[in-house]
$ cat input35.tsv   # TSV, C-alpha atoms (C1' of nucleotides)
chain	number	residue	atom	x	y	z
A	1	MET	CA	-39.68	-37.03	3.97
A	2	LYS	CA	-43.31	-36.36	3.39
A	3	ARG	CA	-45.27	-38.97	5.26
A	4	ASP	CA	-47.66	-41.13	3.36
A	5	SER	CA	-51.18	-40.79	4.76
A	6	ARG	CA	-53.01	-42.96	2.29
A	7	LEU	CA	-53.56	-45.78	4.74
A	8	SER	CA	-54.96	-43.43	7.33
A	9	GLY	CA	-57.09	-41.81	4.66
A	10	VAL	CA	-58.55	-44.95	3.17
A	11	LEU	CA	-59.36	-46.37	6.60
A	12	HIS	CA	-61.17	-43.18	7.41
A	13	VAL	CA	-63.22	-43.55	4.25
A	14	LEU	CA	-64.06	-47.20	4.89
A	15	LEU	CA	-65.16	-46.57	8.46
A	16	HIS	CA	-67.33	-43.71	7.39
A	17	MET	CA	-68.95	-45.90	4.76
A	18	ALA	CA	-69.70	-48.50	7.41
A	19	GLN	CA	-71.82	-45.97	9.29
A	20	GLN	CA	-74.37	-45.42	6.57
A	21	PRO	CA	-75.91	-47.63	3.88
A	22	GLY	CA	-76.15	-46.02	0.47
A	23	PRO	CA	-73.47	-45.69	-2.18
A	24	PHE	CA	-71.13	-42.73	-1.72
A	25	THR	CA	-69.84	-40.62	-4.55
A	26	SER	CA	-66.18	-39.76	-4.69
A	27	GLU	CA	-67.32	-36.18	-4.42
A	28	THR	CA	-69.09	-36.82	-1.11
A	29	LEU	CA	-66.22	-38.79	0.35
A	30	ALA	CA	-63.73	-36.19	-0.83
A	31	THR	CA	-65.66	-33.43	0.88
A	32	ALA	CA	-65.73	-35.44	4.10
A	33	MET	CA	-62.02	-36.08	3.84
A	34	ASP	CA	-61.26	-32.54	2.82
A	35	THR	CA	-59.55	-33.63	-0.34
A	36	ASN	CA	-60.16	-34.15	-4.02
A	37	PRO	CA	-62.50	-36.75	-5.64
A	38	VAL	CA	-59.70	-38.00	-7.85
A	39	VAL	CA	-57.59	-38.72	-4.81
A	40	ILE	CA	-60.44	-40.82	-3.43
A	41	ARG	CA	-60.74	-42.80	-6.65
A	42	ARG	CA	-57.01	-43.31	-6.67
A	43	ILE	CA	-56.73	-44.80	-3.21
A	44	MET	CA	-59.95	-46.80	-3.64
A	45	ALA	CA	-58.82	-48.37	-6.90
A	46	GLY	CA	-56.66	-50.97	-5.16
A	47	LEU	CA	-59.46	-51.90	-2.77
A	48	ARG	CA	-61.84	-52.32	-5.66
A	49	ASP	CA	-59.44	-54.61	-7.50
A	50	LEU	CA	-59.25	-56.83	-4.43
A	51	GLY	CA	-63.02	-56.85	-4.03
A	52	TYR	CA	-63.22	-54.96	-0.74
A	53	VAL	CA	-65.40	-52.28	-2.31
A	54	ARG	CA	-67.45	-51.91	-5.45
A	55	SER	CA	-68.03	-48.86	-7.60
A	56	GLU	CA	-70.84	-48.04	-9.98
A	57	LYS	CA	-71.21	-45.34	-12.54
A	58	GLY	CA	-74.09	-43.12	-13.45
A	59	HIS	CA	-77.09	-41.93	-11.50
A	60	GLY	CA	-77.23	-43.35	-8.01
A	61	GLY	CA	-73.76	-44.74	-8.44
A	62	GLY	CA	-70.76	-44.43	-6.21
A	63	TRP	CA	-68.78	-46.56	-3.80
A	64	MET	CA	-70.12	-49.42	-1.70
A	65	LEU	CA	-68.57	-51.79	0.78
A	66	ALA	CA	-68.36	-55.30	-0.63
A	67	CYS	CA	-66.67	-57.28	2.09
A	68	ASP	CA	-67.12	-58.64	5.56
A	69	LEU	CA	-65.54	-56.01	7.77
A	70	SER	CA	-64.62	-58.63	10.33
A	71	LYS	CA	-62.51	-60.43	7.76
A	72	VAL	CA	-60.46	-57.53	6.45
A	73	THR	CA	-57.47	-56.40	8.46
A	74	LEU	CA	-55.56	-53.16	8.33
A	75	ARG	CA	-52.78	-55.15	6.74
A	76	ASP	CA	-55.11	-56.20	3.94
A	77	VAL	CA	-55.94	-52.58	3.32
A	78	TYR	CA	-52.26	-51.69	3.38
A	79	THR	CA	-51.61	-54.41	0.81
A	80	ALA	CA	-54.44	-53.11	-1.34
A	81	LEU	CA	-52.66	-49.77	-1.46
A	82	GLY	CA	-49.72	-51.51	-3.09
A	83	SER	CA	-47.66	-52.11	0.05
A	84	PRO	CA	-45.86	-48.79	0.05
A	85	SER	CA	-42.64	-48.71	2.02
A	86	LEU	CA	-43.22	-48.47	5.75
A	87	LEU	CA	-39.88	-47.12	6.85
A	88	ALA	CA	-38.57	-43.65	6.27
A	89	MET	CA	-34.96	-44.74	6.37
A	90	GLY	CA	-32.99	-46.94	4.07
A	91	ASN	CA	-29.50	-47.82	3.05
A	92	ARG	CA	-27.32	-45.36	1.26
A	93	THR	CA	-26.66	-47.59	-1.70
A	94	GLU	CA	-27.32	-51.09	-2.85
A	95	ALA	CA	-24.70	-53.47	-4.20
A	96	PRO	CA	-22.06	-52.72	-1.65
A	97	GLY	CA	-18.58	-53.85	-2.64
A	98	CYS	CA	-17.33	-52.24	0.50
A	99	LEU	CA	-17.00	-54.23	3.72
A	100	VAL	CA	-17.95	-51.22	5.80
A	101	GLU	CA	-21.10	-50.85	3.80
A	102	GLN	CA	-21.86	-54.53	4.17
A	103	ALA	CA	-21.52	-54.41	7.93
A	104	VAL	CA	-23.59	-51.25	8.25
A	105	ASN	CA	-26.30	-52.51	5.94
A	106	ALA	CA	-26.47	-55.87	7.66
A	107	ALA	CA	-27.03	-54.26	11.04
A	108	LEU	CA	-29.56	-51.74	9.79
A	109	ASP	CA	-31.39	-54.18	7.57
A	110	GLN	CA	-31.88	-56.52	10.49
A	111	ALA	CA	-33.32	-53.81	12.69
A	112	PHE	CA	-35.47	-52.46	9.88
A	113	ALA	CA	-36.78	-55.89	8.96
A	114	ASP	CA	-37.71	-56.63	12.56
A	115	ALA	CA	-39.60	-53.38	12.92
A	116	GLU	CA	-41.37	-53.82	9.63
A	117	ALA	CA	-42.40	-57.37	10.49
A	118	LEU	CA	-43.78	-56.24	13.83
A	119	LEU	CA	-45.72	-53.44	12.23
A	120	LEU	CA	-47.24	-55.74	9.62
A	121	ALA	CA	-48.14	-58.24	12.32
A	122	ARG	CA	-49.86	-55.56	14.36
A	123	LEU	CA	-51.79	-54.34	11.36
A	124	GLY	CA	-52.79	-57.91	10.66
A	125	GLU	CA	-54.32	-58.24	14.10
A	126	VAL	CA	-56.82	-55.44	13.66
A	127	THR	CA	-59.92	-55.84	11.51
A	128	LEU	CA	-62.10	-53.08	10.17
A	129	ALA	CA	-64.89	-54.42	12.35
A	130	MET	CA	-62.73	-53.93	15.41
A	131	LEU	CA	-62.10	-50.35	14.43
A	132	GLY	CA	-65.83	-49.85	14.08
A	133	GLU	CA	-66.33	-51.31	17.53
A	134	ASP	CA	-63.70	-49.06	19.02
A	135	MET	CA	-65.39	-46.11	17.42
A	136	ARG	CA	-68.77	-47.02	18.89
A	137	LYS	CA	-67.14	-47.29	22.30
A	138	ARG	CA	-65.87	-43.78	21.94
A	139	LEU	CA	-69.38	-42.60	21.26
A	140	GLY	CA	-70.48	-41.97	24.81
A	141	SER	CA	-73.03	-39.21	24.59
A	142	ARG	CA	-71.78	-37.98	21.28
A	143	ARG	CA	-73.37	-38.83	17.99
A	144	ILE	CA	-71.36	-39.76	14.95
A	145	HIS	CA	-71.87	-37.01	12.43
A	146	ASP	CA	-73.19	-37.97	9.04
A	147	ILE	CA	-70.78	-37.58	6.22
A	148	GLY	CA	-72.71	-34.68	4.81
A	149	ALA	CA	-72.38	-32.81	8.08
A	150	HIS	CA	-68.69	-33.51	8.40
A	151	ARG	CA	-67.70	-29.94	7.77
A	152	ALA	CA	-69.96	-28.23	10.28
B	1	MET	CA	-41.33	-41.04	-0.41
B	2	LYS	CA	-37.64	-40.56	-0.70
B	3	ARG	CA	-35.92	-42.62	1.95
B	4	ASP	CA	-33.56	-40.97	4.38
B	5	SER	CA	-30.08	-42.49	4.14
B	6	ARG	CA	-28.27	-40.23	6.56
B	7	LEU	CA	-27.99	-42.85	9.28
B	8	SER	CA	-26.57	-45.37	6.85
B	9	GLY	CA	-24.23	-42.70	5.53
B	10	VAL	CA	-22.90	-41.45	8.82
B	11	LEU	CA	-22.31	-44.97	10.08
B	12	HIS	CA	-20.36	-45.67	6.95
B	13	VAL	CA	-18.20	-42.65	7.63
B	14	LEU	CA	-17.60	-43.51	11.27
B	15	LEU	CA	-16.62	-47.09	10.49
B	16	HIS	CA	-14.23	-45.94	7.83
B	17	MET	CA	-12.65	-43.52	10.27
B	18	ALA	CA	-12.16	-46.34	12.74
B	19	GLN	CA	-9.98	-48.16	10.22
B	20	GLN	CA	-7.28	-45.52	9.98
B	21	PRO	CA	-5.76	-43.04	12.44
B	22	GLY	CA	-5.28	-39.54	11.06
B	23	PRO	CA	-7.86	-36.78	10.72
B	24	PHE	CA	-10.03	-36.96	7.63
B	25	THR	CA	-11.05	-33.96	5.63
B	26	SER	CA	-14.67	-33.59	4.57
B	27	GLU	CA	-13.33	-33.72	1.04
B	28	THR	CA	-11.74	-37.13	1.58
B	29	LEU	CA	-14.79	-38.56	3.28
B	30	ALA	CA	-17.06	-37.11	0.62
B	31	THR	CA	-15.04	-38.75	-2.12
B	32	ALA	CA	-15.23	-42.09	-0.33
B	33	MET	CA	-18.97	-41.70	0.15
B	34	ASP	CA	-19.49	-40.45	-3.37
B	35	THR	CA	-21.13	-37.28	-2.19
B	36	ASN	CA	-20.39	-33.66	-1.41
B	37	PRO	CA	-18.13	-32.33	1.41
B	38	VAL	CA	-20.91	-30.07	2.62
B	39	VAL	CA	-23.18	-33.06	3.04
B	40	ILE	CA	-20.50	-34.68	5.21
B	41	ARG	CA	-20.23	-31.58	7.40
B	42	ARG	CA	-23.98	-31.46	7.66
B	43	ILE	CA	-24.46	-34.97	8.95
B	44	MET	CA	-21.35	-34.79	11.15
B	45	ALA	CA	-22.46	-31.59	12.86
B	46	GLY	CA	-24.81	-33.40	15.22
B	47	LEU	CA	-22.17	-35.95	16.16
B	48	ARG	CA	-19.70	-33.18	16.88
B	49	ASP	CA	-22.16	-31.39	19.14
B	50	LEU	CA	-22.60	-34.57	21.16
B	51	GLY	CA	-18.85	-35.13	21.38
B	52	TYR	CA	-18.68	-38.30	19.30
B	53	VAL	CA	-16.29	-36.69	16.84
B	54	ARG	CA	-14.10	-33.60	16.80
B	55	SER	CA	-13.28	-31.31	13.92
B	56	GLU	CA	-10.30	-29.02	13.42
B	57	LYS	CA	-9.66	-26.31	10.91
B	58	GLY	CA	-6.57	-25.42	8.95
B	59	HIS	CA	-3.62	-27.45	7.75
B	60	GLY	CA	-3.71	-31.02	8.98
B	61	GLY	CA	-7.24	-30.49	10.19
B	62	GLY	CA	-10.33	-32.57	9.57
B	63	TRP	CA	-12.53	-35.01	11.43
B	64	MET	CA	-11.42	-37.32	14.23
B	65	LEU	CA	-13.21	-39.87	16.35
B	66	ALA	CA	-13.56	-38.66	19.92
B	67	CYS	CA	-15.48	-41.42	21.63
B	68	ASP	CA	-15.24	-44.98	22.82
B	69	LEU	CA	-16.76	-46.95	19.97
B	70	SER	CA	-17.92	-49.63	22.37
B	71	LYS	CA	-20.04	-47.06	24.21
B	72	VAL	CA	-21.85	-45.51	21.27
B	73	THR	CA	-24.86	-47.30	19.86
B	74	LEU	CA	-26.57	-46.92	16.53
B	75	ARG	CA	-29.39	-45.33	18.45
B	76	ASP	CA	-27.02	-42.69	19.80
B	77	VAL	CA	-25.97	-41.90	16.26
B	78	TYR	CA	-29.58	-41.74	15.17
B	79	THR	CA	-30.28	-39.32	17.99
B	80	ALA	CA	-27.30	-37.22	16.97
B	81	LEU	CA	-28.87	-36.83	13.56
B	82	GLY	CA	-31.84	-35.17	15.21
B	83	SER	CA	-34.05	-38.24	15.51
B	84	PRO	CA	-35.66	-37.96	12.09
B	85	SER	CA	-38.95	-39.77	11.71
B	86	LEU	CA	-38.50	-43.50	11.28
B	87	LEU	CA	-41.81	-44.35	9.68
B	88	ALA	CA	-42.89	-43.48	6.19
B	89	MET	CA	-46.54	-43.42	7.11
B	90	GLY	CA	-48.47	-41.12	9.33
B	91	ASN	CA	-51.93	-39.96	10.14
B	92	ARG	CA	-53.88	-37.90	7.71
B	93	THR	CA	-54.49	-35.04	10.11
B	94	GLU	CA	-53.93	-34.13	13.70
B	95	ALA	CA	-56.57	-32.76	16.05
B	96	PRO	CA	-59.32	-35.13	15.07
B	97	GLY	CA	-62.77	-33.99	16.10
B	98	CYS	CA	-64.13	-36.95	14.23
B	99	LEU	CA	-64.72	-40.26	15.98
B	100	VAL	CA	-63.77	-42.21	12.91
B	101	GLU	CA	-60.50	-40.36	12.79
B	102	GLN	CA	-59.92	-40.99	16.46
B	103	ALA	CA	-60.46	-44.72	16.12
B	104	VAL	CA	-58.28	-44.97	13.03
B	105	ASN	CA	-55.51	-42.91	14.53
B	106	ALA	CA	-55.58	-44.83	17.78
B	107	ALA	CA	-55.14	-48.14	16.00
B	108	LEU	CA	-52.44	-46.90	13.66
B	109	ASP	CA	-50.61	-44.94	16.33
B	110	GLN	CA	-50.41	-48.00	18.51
B	111	ALA	CA	-48.97	-50.14	15.73
B	112	PHE	CA	-46.60	-47.39	14.66
B	113	ALA	CA	-45.41	-46.75	18.21
B	114	ASP	CA	-44.72	-50.44	18.78
B	115	ALA	CA	-42.70	-50.72	15.61
B	116	GLU	CA	-40.79	-47.57	16.34
B	117	ALA	CA	-39.99	-48.69	19.86
B	118	LEU	CA	-38.73	-52.03	18.61
B	119	LEU	CA	-36.56	-50.37	16.02
B	120	LEU	CA	-35.04	-47.98	18.56
B	121	ALA	CA	-34.42	-50.85	20.94
B	122	ARG	CA	-32.64	-52.82	18.23
B	123	LEU	CA	-30.50	-49.84	17.31
B	124	GLY	CA	-29.69	-49.40	20.98
B	125	GLU	CA	-28.32	-52.91	21.18
B	126	VAL	CA	-25.65	-52.42	18.55
B	127	THR	CA	-22.49	-50.43	19.26
B	128	LEU	CA	-20.11	-49.03	16.70
B	129	ALA	CA	-17.48	-51.40	18.06
B	130	MET	CA	-19.74	-54.33	17.28
B	131	LEU	CA	-20.12	-53.12	13.72
B	132	GLY	CA	-16.34	-52.91	13.45
B	133	GLU	CA	-16.07	-56.44	14.73
B	134	ASP	CA	-18.62	-57.69	12.26
B	135	MET	CA	-16.73	-56.01	9.51
B	136	ARG	CA	-13.47	-57.67	10.50
B	137	LYS	CA	-15.22	-61.01	10.49
B	138	ARG	CA	-16.30	-60.39	6.93
B	139	LEU	CA	-12.71	-59.80	5.96
B	140	GLY	CA	-11.73	-63.35	5.12
B	141	SER	CA	-9.06	-63.08	2.49
B	142	ARG	CA	-10.13	-59.63	1.44
B	143	ARG	CA	-8.40	-56.48	2.52
B	144	ILE	CA	-10.29	-53.40	3.59
B	145	HIS	CA	-9.56	-50.75	1.03
B	146	ASP	CA	-8.13	-47.50	2.26
B	147	ILE	CA	-10.40	-44.55	1.96
B	148	GLY	CA	-8.23	-43.03	-0.74
B	149	ALA	CA	-8.59	-46.17	-2.84
B	150	HIS	CA	-12.34	-46.39	-2.36
B	151	ARG	CA	-13.08	-45.47	-5.93
B	152	ALA	CA	-10.89	-48.04	-7.68
C	1	DT	C1'	-79.91	-37.56	-25.13
C	2	DT	C1'	-78.89	-35.26	-21.08
C	3	DT	C1'	-76.96	-35.85	-16.66
C	4	DC	C1'	-74.34	-38.10	-13.34
C	5	DA	C1'	-70.44	-40.68	-11.67
C	6	DT	C1'	-66.40	-43.44	-12.23
C	7	DG	C1'	-61.61	-44.39	-14.87
C	8	DT	C1'	-57.51	-42.54	-16.19
C	9	DA	C1'	-53.87	-39.76	-17.97
C	10	DA	C1'	-51.32	-35.61	-17.54
C	11	DC	C1'	-50.00	-31.78	-15.16
C	12	DT	C1'	-49.15	-28.82	-10.94
C	13	DT	C1'	-48.01	-28.25	-6.18
C	14	DT	C1'	-45.68	-29.29	-1.94
C	15	DA	C1'	-42.39	-31.34	1.20
C	16	DT	C1'	-38.02	-33.25	2.09
C	17	DA	C1'	-33.58	-35.28	1.26
C	18	DT	C1'	-29.71	-34.34	-1.31
C	19	DG	C1'	-26.43	-31.64	-4.04
C	20	DT	C1'	-23.98	-27.22	-4.98
C	21	DT	C1'	-21.98	-22.56	-4.61
C	22	DG	C1'	-20.11	-18.88	-2.12
C	23	DC	C1'	-18.15	-16.68	1.60
C	24	DG	C1'	-16.71	-16.24	6.45
C	25	DT	C1'	-13.57	-17.93	10.21
C	26	DG	C1'	-9.81	-20.00	12.34
C	27	DA	C1'	-5.41	-22.64	12.12
C	28	DT	C1'	-1.07	-23.93	9.90
C	29	DG	C1'	3.19	-22.95	7.43
C	30	DC	C1'	6.00	-19.91	4.85
D	1	DG	C1'	2.03	-10.72	7.62
D	2	DC	C1'	0.01	-13.52	4.20
D	3	DA	C1'	-1.27	-17.43	1.47
D	4	DT	C1'	-3.38	-21.80	2.04
D	5	DC	C1'	-6.14	-25.18	4.00
D	6	DA	C1'	-10.27	-26.90	6.17
D	7	DC	C1'	-14.45	-26.35	8.69
D	8	DG	C1'	-19.14	-23.47	9.45
D	9	DC	C1'	-22.96	-21.98	7.47
D	10	DA	C1'	-26.36	-19.73	4.67
D	11	DA	C1'	-28.58	-19.75	0.31
D	12	DC	C1'	-29.89	-21.76	-3.70
D	13	DA	C1'	-30.66	-25.79	-6.98
D	14	DT	C1'	-32.15	-30.56	-7.92
D	15	DA	C1'	-34.67	-35.02	-7.34
D	16	DT	C1'	-38.29	-37.74	-5.79
D	17	DA	C1'	-42.78	-38.90	-4.13
D	18	DA	C1'	-47.26	-37.71	-2.10
D	19	DA	C1'	-51.09	-34.91	-2.85
D	20	DG	C1'	-53.92	-31.91	-5.48
D	21	DT	C1'	-55.95	-30.46	-9.98
D	22	DT	C1'	-57.68	-30.46	-14.76
D	23	DA	C1'	-59.48	-32.62	-18.72
D	24	DC	C1'	-61.69	-35.99	-21.14
D	25	DA	C1'	-63.50	-40.67	-22.06
D	26	DT	C1'	-66.83	-44.33	-20.67
D	27	DG	C1'	-70.91	-46.20	-19.00
D	28	DA	C1'	-75.40	-46.05	-16.42
D	29	DA	C1'	-79.73	-43.93	-15.13
D	30	DA	C1'	-83.51	-40.66	-15.79

$ encode --input "input35.tsv" --output "structure tokens"
Amino acid sequence: MKRDSRLSGVLHVLLHMAQQPGPFTSETLATAMDTNPVVIRRIMAGLRDLGYVRSEKGHGGGWMLACDLSKVTLRDVYTALGSPSLLAMGNRTEAPGCLVEQAVNAALDQAFADAEALLLARLGEVTLAMLGEDMRKRLGSRRIHDIGAHRA
Amino acid sequence: MKRDSRLSGVLHVLLHMAQQPGPFTSETLATAMDTNPVVIRRIMAGLRDLGYVRSEKGHGGGWMLACDLSKVTLRDVYTALGSPSLLAMGNRTEAPGCLVEQAVNAALDQAFADAEALLLARLGEVTLAMLGEDMRKRLGSRRIHDIGAHRA
DNA sequence: TTTCATGTAACTTTATATGTTGCGTGATGC
DNA sequence: GCATCACGCAACATATAAAGTTACATGAAA
């Protein structure tokens, strides 16, 4: 299956926004992410509805952070995306009237549920602020490029 | 994304085969699984290569179990399918020259790896024999339908 | 009122699982 | 030998969902 990269993408956007003040246009963010402005608006819509970011129209408008980065976890961001399914595998059918199917589904569902719960828990342990910290640690001698200079 | 149901499907087939002796044609199994014979051959190919099942051509041919069900785990079956990706989410890009990307990927990769490891471990704990046992427990007053009678 | 930027719908593209057709190969039974 | 059965496999078709694109409306700033 084609893997969903929206979470990775939106985190990238948020972290970039945390590096500089001003509002960012979808155009600017899209260029930095090597994608399309509409895609940016699409994945940001959920975050806006939950109040993690704000958007303004017209001259000088664009996207701004509107939350305390130390209070928003990766799980929150995932939820803001609409909680897309985490696992690539699922059961063949629902409503099994077949005992074989019931036994298979029970075993798989248990394993899947455990893995999903662990993943959500892990995502819930990491805040955006922690990601920012990790990034600064990686700095060393290197300088974080400005968004405008993202594409050398 | 469209969820991969091959593991669920092949387990279903194996458990059904464990209920009755004779060889099963792809046609028969496909009817029971409400799918196409070629799909059956496709997902069984990996199991055959690893020796979990055997196939024979011609009159009286078909698929037969060729392993000790108590020695084959769900993880083994998963591996026989070619170890398709378990998670529906992935990183936006590889080869990140961007610190933001590195930090995001590091956090996500860690969470993803943990979840994947747990899932594989869980699958490794369950043998096909255990699934068969579970199924028998579910029997109660009900009778396991023969494959031929699968579609009422 | 012109320009800029978001909001959104509709459409196209791409990737992957799944379904289907056709033909080759080997084994069985006559 | 030859017809039939069943797998092996390639090639093509379909379905679904993410990602990309186009078009236009709305609202804010200059």

$ closest_atom_pairs --input "input35.tsv" --of "chain B" --to "chain D" --cutoff "10 Å" --atoms "only C-alpha atoms (C1' of nucleotides)" --output "CSV"
residue,atom,partner,partner_atom,distance
B:Met1,CA,D:DA17,C1',4.5
B:Lys2,CA,D:DT16,C1',5.9
B:Arg3,CA,D:DT16,C1',9.5
B:Thr25,CA,D:DA6,C1',7.1
B:Ser26,CA,D:DA6,C1',8.2
B:Glu27,CA,D:DA6,C1',9.1
B:Val38,CA,D:DC7,C1',9.6
B:Arg41,CA,D:DC7,C1',7.9
B:Arg42,CA,D:DG8,C1',9.5
B:Ala45,CA,D:DG8,C1',9.4
B:Ser55,CA,D:DC7,C1',7.3
B:Glu56,CA,D:DC7,C1',6.8
B:Lys57,CA,D:DA6,C1',4.8
B:Gly58,CA,D:DA6,C1',4.9
B:His59,CA,D:DC5,C1',5.1
B:Gly60,CA,D:DC5,C1',8.1
B:Gly61,CA,D:DA6,C1',6.2
B:Gly62,CA,D:DA6,C1',6.6
B:Trp63,CA,D:DC7,C1',9.3

$ interface_residues --input "input35.tsv" --of "chain A" --to "chain B" --cutoff "6 Å" --atoms "all atoms listed in the file" --output "NGL selection string"
:A and (3-5 or 8-9 or 86-92 or 103 or 111 or 115 or 118-119 or 122 or 135)

$ atom_distance --input "input35.tsv" --atom1 "atom C1' of C:DA5" --atom2 "atom CA of A:Ala32"
17.3 Å

$ closest_residue --input "input35.tsv" --among "B:Lys71, B:Met44, B:Asp49, B:Leu65" --to "B:Met17" --atoms "only C-alpha atoms"
B:Leu65

$ interface_residues --input "input35.tsv" --of "chain C" --to "chain B" --cutoff "9 Å" --atoms "all atoms listed in the file" --output "MDAnalysis selection string"
chainID C and resid 16:20 26:29

$ atom_distance --input "input35.tsv" --atom1 "atom CA of B:Gly82" --atom2 "atom CA of B:Leu50"
11.0 Å

$ atom_distance --input "input35.tsv" --atom1 "atom C1' of C:DT3" --atom2 "atom CA of A:Pro21"
23.7 Å
